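Trainee: Before we start, here is the structure in question, set down as structure tokens.
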Amino acid sequence: MGASQTRSGKYQDLADKTGFSLEQIQNLYKRFQQLSGNEETISKENLDSIPALANNPIRKQIVDAFFDKRNQHQGEVGSFEEIGFEQFLMVMSHFRPPTLKTTEEEKEALRKEKLRFLFNMHDTDNDGTITLEEYRKVVEELLSKSGAIGQEAAKAIADAAMLEVASTNVPHMAPDDFYEGITFEHFEQILKGLEMESRMNIRFLDVDTTTMRCGKTTS
């Protein structure tokens with residue numbers, strides 16, 4: 001009885017922090033236990049072993065995002081070796097869709113939070129800018145691992161795409177000027193027309209974040 005009340009109180013605290021319901025948190029805790037083997041923490045190896053991620057071209061970025069301290073809303077940088085359930089839940093909260101009761105102001109805050117999460121995935125050195133090298137790496141992985149295009153061609157496409165971004169964000173840039181990279185403000189502008197408040201969800205954990213229910217797991 002006492003343990004149950006303690007757990008319920010802790011879940012309520014997590015609900016206040018993340019916006020998840022108590023039922024959603026219970027479902028996510030079940031999946032966390034499956035991933036960790038009933039341990040108190042999970043490592044990158046636990047997530048790397050998920051079959052649905054095996055052929056994902058940005059698997060590393062996705063896994064790293066769960067251990068990125070920037071995604072914990074505590075103003076810290078760096079990465080964790082392992083994370084506990086609360087930290088896992090904080091990352092999952094970035095994929096929480098708006099509800100019918102969500103105000104326009106809250107929707108905008110949710111959108112900005114999701115954009116920041118995506119930006120952090122690509123700003124791997126945490127300097128506030130997605131450099132050409134970082135951008136090229138993502139594009140190369142997305143294109144070359146599909147098997148439809150070679151690495152050199154993928155590199156050329158990435159360079160051309162970054163040049164297009166530069167010309168859009170800095171239209172009066174001289175030919176010999178150096179474009180340092182995409183800032184978060186530029187990133188927001190690039191994705192301005194993309195509706196992502198409900199589209200940015202996660203299913204590779206056998207959890208559908210549009211309903212937040214655990215499905216049948218194979219890992």
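In the structure tokens, each chain is lettered A, B, ... as it comes, each chain's residues begin at 1, and ligands are numbered from 1 in order of appearance.
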How close does segment 46-67 of chain A get to segment 120-139 of chain A? List, as JSON lines, each residue of segment 46-67 of chain A within 8 Å, its nearest atom pair and the distance in Å to one decimal, counting only C-alpha atoms.
Mentor:
{"residue": "A:Ile58", "atom": "CA", "partner": "A:Val138", "partner_atom": "CA", "distance": 7.2}
{"residue": "A:Gln61", "atom": "CA", "partner": "A:Met121", "partner_atom": "CA", "distance": 5.8}
{"residue": "A:Ile62", "atom": "CA", "partner": "A:Met121", "partner_atom": "CA", "distance": 7.3}
{"residue": "A:Asp64", "atom": "CA", "partner": "A:Met121", "partner_atom": "CA", "distance": 7.8}
{"residue": "A:Ala65", "atom": "CA", "partner": "A:Met121", "partner_atom": "CA", "distance": 6.1}
Trainee: Could the residues in this selection be written to a file with all heavy atoms, as an mmCIF file, in the first residue's frame?
Mentor:
data_model
loop_
_atom_site.group_PDB
_atom_site.id
_atom_site.type_symbol
_atom_site.label_atom_id
_atom_site.label_comp_id
_atom_site.auth_asym_id
_atom_site.auth_seq_id
_atom_site.Cartn_x
_atom_site.Cartn_y
_atom_site.Cartn_z
ATOM 1 N N ILE A 58 19.691 7.158 -39.560
ATOM 2 C CA ILE A 58 20.136 8.092 -38.521
ATOM 3 C C ILE A 58 19.965 7.459 -37.131
ATOM 4 O O ILE A 58 19.657 8.131 -36.163
ATOM 5 C CB ILE A 58 19.411 9.448 -38.603
ATOM 6 C CG1 ILE A 58 17.880 9.281 -38.529
ATOM 7 C CG2 ILE A 58 19.812 10.204 -39.862
ATOM 8 C CD1 ILE A 58 17.145 10.600 -38.351
ATOM 9 N N GLN A 61 22.043 9.127 -34.348
ATOM 10 C CA GLN A 61 21.516 10.404 -33.860
ATOM 11 C C GLN A 61 20.306 10.207 -32.960
ATOM 12 O O GLN A 61 20.154 10.907 -31.956
ATOM 13 C CB GLN A 61 21.129 11.319 -35.036
ATOM 14 C CG GLN A 61 22.321 11.907 -35.775
ATOM 15 C CD GLN A 61 22.758 11.037 -36.935
ATOM 16 O OE1 GLN A 61 22.551 9.819 -36.920
ATOM 17 N NE2 GLN A 61 23.367 11.638 -37.946
ATOM 18 N N ILE A 62 19.459 9.246 -33.320
ATOM 19 C CA ILE A 62 18.264 8.981 -32.514
ATOM 20 C C ILE A 62 18.656 8.452 -31.137
ATOM 21 O O ILE A 62 18.163 8.927 -30.106
ATOM 22 C CB ILE A 62 17.351 7.961 -33.225
ATOM 23 C CG1 ILE A 62 16.765 8.588 -34.498
ATOM 24 C CG2 ILE A 62 16.230 7.499 -32.298
ATOM 25 C CD1 ILE A 62 16.013 7.600 -35.365
ATOM 26 N N ASP A 64 21.608 8.702 -29.622
ATOM 27 C CA ASP A 64 22.355 9.725 -28.882
ATOM 28 C C ASP A 64 21.431 10.759 -28.248
ATOM 29 O O ASP A 64 21.727 11.296 -27.176
ATOM 30 C CB ASP A 64 23.351 10.433 -29.799
ATOM 31 C CG ASP A 64 24.567 9.573 -30.134
ATOM 32 O OD1 ASP A 64 24.737 8.512 -29.494
ATOM 33 O OD2 ASP A 64 25.335 9.955 -31.035
ATOM 34 N N ALA A 65 20.304 11.051 -28.916
ATOM 35 C CA ALA A 65 19.377 12.062 -28.408
ATOM 36 C C ALA A 65 18.830 11.700 -27.037
ATOM 37 O O ALA A 65 18.558 12.569 -26.208
ATOM 38 C CB ALA A 65 18.229 12.261 -29.396
#
Trainee: Can you write out as JSON lines which residues of segment 44-143 of chain A fall within 10 Å of segment 9-29 of chain A, alongside each residue's closest atom pair and its distance in Å to one decimal, counting only C-alpha atoms and ordering rows by chain and ascending residue number?
Mentor:
{"residue": "A:Phe85", "atom": "CA", "partner": "A:Tyr29", "partner_atom": "CA", "distance": 7.1}
{"residue": "A:Glu86", "atom": "CA", "partner": "A:Leu14", "partner_atom": "CA", "distance": 7.2}
{"residue": "A:Phe88", "atom": "CA", "partner": "A:Leu28", "partner_atom": "CA", "distance": 9.1}
{"residue": "A:Leu89", "atom": "CA", "partner": "A:Thr18", "partner_atom": "CA", "distance": 7.4}
{"residue": "A:Met90", "atom": "CA", "partner": "A:Thr18", "partner_atom": "CA", "distance": 6.3}
{"residue": "A:Val91", "atom": "CA", "partner": "A:Thr18", "partner_atom": "CA", "distance": 9.2}
{"residue": "A:Met92", "atom": "CA", "partner": "A:Thr18", "partner_atom": "CA", "distance": 8.7}
{"residue": "A:Ser93", "atom": "CA", "partner": "A:Thr18", "partner_atom": "CA", "distance": 5.7}
{"residue": "A:His94", "atom": "CA", "partner": "A:Thr18", "partner_atom": "CA", "distance": 8.7}
{"residue": "A:Arg96", "atom": "CA", "partner": "A:Phe20", "partner_atom": "CA", "distance": 7.7}
{"residue": "A:Pro98", "atom": "CA", "partner": "A:Gly19", "partner_atom": "CA", "distance": 9.9}
Trainee: If you count only C-alpha atoms, which residues fall within 7 Å of segment 69-72 of chain A, apart from same-chain ones fewer than 3 positions away, as a PyMOL selection string?
Mentor: chain A and resi 75-80+87+90-91+117
Trainee: Going by DSSP on the backbone, which bits of segment 6-204 of chain A are strand (DSSP E)? Write them as a ChimeraX atom specification, please.
Mentor: /A:41-43,82-84,129-130,182-183
Trainee: Using DSSP on the backbone coordinates, identify the residues of segment 34-119 of chain A assigned to alpha helix (DSSP H); present them as a VMD selection string.
Mentor: chain A and resid 34 to 36 44 to 48 59 to 66 85 to 92 104 to 119
Trainee: Quick one: residues within 10 Å of Leu35 of chain A, only C-alpha atoms counted, chain neighbours fewer than 4 positions away excluded, as an MDAnalysis selection string?
Mentor: chainID A and resid 29:31 39 41:43 45:47 49:50 205 217 219
Trainee: Could you save those same residues with N, CA, C and O atoms as an mmCIF file, in the first residue's frame?
Mentor:
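Output saved as result.cif:
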data_model
loop_
_atom_site.group_PDB
_atom_site.id
_atom_site.type_symbol
_atom_site.label_atom_id
_atom_site.label_comp_id
_atom_site.auth_asym_id
_atom_site.auth_seq_id
_atom_site.Cartn_x
_atom_site.Cartn_y
_atom_site.Cartn_z
ATOM 1 N N TYR A 29 6.610 3.129 -18.615
ATOM 2 C CA TYR A 29 7.460 2.453 -17.628
ATOM 3 C C TYR A 29 7.587 0.967 -17.962
ATOM 4 O O TYR A 29 8.670 0.369 -17.823
ATOM 5 N N LYS A 30 6.490 0.362 -18.449
ATOM 6 C CA LYS A 30 6.533 -1.042 -18.857
ATOM 7 C C LYS A 30 7.536 -1.231 -19.989
ATOM 8 O O LYS A 30 8.313 -2.190 -20.000
ATOM 9 N N ARG A 31 7.514 -0.305 -20.954
ATOM 10 C CA ARG A 31 8.438 -0.426 -22.085
ATOM 11 C C ARG A 31 9.873 -0.192 -21.627
ATOM 12 O O ARG A 31 10.805 -0.849 -22.103
ATOM 13 N N GLU A 39 16.162 -3.432 -15.194
ATOM 14 C CA GLU A 39 17.175 -2.674 -14.457
ATOM 15 C C GLU A 39 16.694 -1.232 -14.263
ATOM 16 O O GLU A 39 15.717 -0.795 -14.872
ATOM 17 N N THR A 41 18.387 1.490 -15.037
ATOM 18 C CA THR A 41 18.873 2.380 -16.086
ATOM 19 C C THR A 41 18.994 1.620 -17.404
ATOM 20 O O THR A 41 19.032 0.388 -17.422
ATOM 21 N N ILE A 42 19.058 2.391 -18.500
ATOM 22 C CA ILE A 42 19.329 1.801 -19.805
ATOM 23 C C ILE A 42 20.545 2.487 -20.407
ATOM 24 O O ILE A 42 20.852 3.640 -20.094
ATOM 25 N N SER A 43 21.224 1.784 -21.277
ATOM 26 C CA SER A 43 22.415 2.311 -21.954
ATOM 27 C C SER A 43 22.133 2.416 -23.448
ATOM 28 O O SER A 43 21.092 1.976 -23.940
ATOM 29 N N GLU A 45 23.515 0.726 -25.658
ATOM 30 C CA GLU A 45 23.475 -0.639 -26.178
ATOM 31 C C GLU A 45 22.053 -1.202 -26.135
ATOM 32 O O GLU A 45 21.653 -1.955 -27.023
ATOM 33 N N ASN A 46 21.293 -0.836 -25.084
ATOM 34 C CA ASN A 46 19.907 -1.299 -24.984
ATOM 35 C C ASN A 46 19.075 -0.798 -26.161
ATOM 36 O O ASN A 46 18.270 -1.536 -26.730
ATOM 37 N N LEU A 47 19.258 0.462 -26.530
ATOM 38 C CA LEU A 47 18.491 1.030 -27.637
ATOM 39 C C LEU A 47 19.024 0.567 -28.987
ATOM 40 O O LEU A 47 18.264 0.397 -29.937
ATOM 41 N N SER A 49 19.948 -2.250 -29.732
ATOM 42 C CA SER A 49 19.505 -3.619 -29.998
ATOM 43 C C SER A 49 18.056 -3.698 -30.478
ATOM 44 O O SER A 49 17.559 -4.783 -30.776
ATOM 45 N N ILE A 50 17.375 -2.557 -30.579
ATOM 46 C CA ILE A 50 15.978 -2.553 -31.021
ATOM 47 C C ILE A 50 15.914 -2.869 -32.519
ATOM 48 O O ILE A 50 16.488 -2.138 -33.332
ATOM 49 N N LEU A 205 10.049 2.241 -30.540
ATOM 50 C CA LEU A 205 10.102 1.625 -29.216
ATOM 51 C C LEU A 205 8.878 0.741 -28.985
ATOM 52 O O LEU A 205 8.617 0.313 -27.872
ATOM 53 N N THR A 217 6.179 -6.164 -28.383
ATOM 54 C CA THR A 217 7.613 -5.940 -28.555
ATOM 55 C C THR A 217 8.320 -7.173 -29.091
ATOM 56 O O THR A 217 7.917 -8.288 -28.795
ATOM 57 N N SER A 219 11.881 -6.993 -29.055
ATOM 58 C CA SER A 219 13.252 -6.850 -28.583
ATOM 59 C C SER A 219 13.383 -7.213 -27.124
ATOM 60 O O SER A 219 12.398 -7.379 -26.443
#
Trainee: Would you mind listing what lies within 12 Å of Glu152 of chain A as an mmCIF file with N, CA and C atoms, in the first residue's frame, with only C-alpha atoms counted and same-chain residues fewer than 4 positions away left out?
Mentor:
data_model
loop_
_atom_site.group_PDB
_atom_site.id
_atom_site.type_symbol
_atom_site.label_atom_id
_atom_site.label_comp_id
_atom_site.auth_asym_id
_atom_site.auth_seq_id
_atom_site.Cartn_x
_atom_site.Cartn_y
_atom_site.Cartn_z
ATOM 1 N N ARG A 136 26.330 17.737 -43.775
ATOM 2 C CA ARG A 136 26.771 16.807 -44.809
ATOM 3 C C ARG A 136 26.718 15.368 -44.301
ATOM 4 N N LYS A 137 27.128 15.176 -43.055
ATOM 5 C CA LYS A 137 27.162 13.834 -42.480
ATOM 6 C C LYS A 137 25.769 13.215 -42.438
ATOM 7 N N VAL A 139 23.086 14.112 -44.300
ATOM 8 C CA VAL A 139 22.590 13.889 -45.662
ATOM 9 C C VAL A 139 23.265 12.680 -46.295
ATOM 10 N N GLU A 140 24.569 12.546 -46.087
ATOM 11 C CA GLU A 140 25.300 11.398 -46.637
ATOM 12 C C GLU A 140 24.746 10.087 -46.092
ATOM 13 N N GLU A 141 24.486 10.065 -44.784
ATOM 14 C CA GLU A 141 23.966 8.847 -44.168
ATOM 15 C C GLU A 141 22.580 8.522 -44.696
ATOM 16 N N LEU A 143 21.252 9.372 -47.596
ATOM 17 C CA LEU A 143 21.257 9.016 -49.009
ATOM 18 C C LEU A 143 22.082 7.774 -49.324
ATOM 19 N N SER A 144 23.310 7.737 -48.829
ATOM 20 C CA SER A 144 24.197 6.636 -49.194
ATOM 21 C C SER A 144 23.748 5.300 -48.621
ATOM 22 N N ALA A 156 27.995 15.710 -52.616
ATOM 23 C CA ALA A 156 27.723 16.818 -53.525
ATOM 24 C C ALA A 156 26.325 17.383 -53.296
ATOM 25 N N ILE A 157 25.358 16.492 -53.060
ATOM 26 C CA ILE A 157 23.987 16.934 -52.790
ATOM 27 C C ILE A 157 23.926 17.707 -51.483
ATOM 28 N N ALA A 158 24.642 17.230 -50.474
ATOM 29 C CA ALA A 158 24.667 17.911 -49.180
ATOM 30 C C ALA A 158 25.264 19.309 -49.315
ATOM 31 N N ASP A 159 26.365 19.420 -50.072
ATOM 32 C CA ASP A 159 27.001 20.728 -50.279
ATOM 33 C C ASP A 159 26.058 21.685 -50.997
#
Trainee: May I ask for the distance between atom CA of Asn56 of chain A and atom CA of Thr183 of chain A, given in Å to one decimal place?
Mentor: 25.8 Å
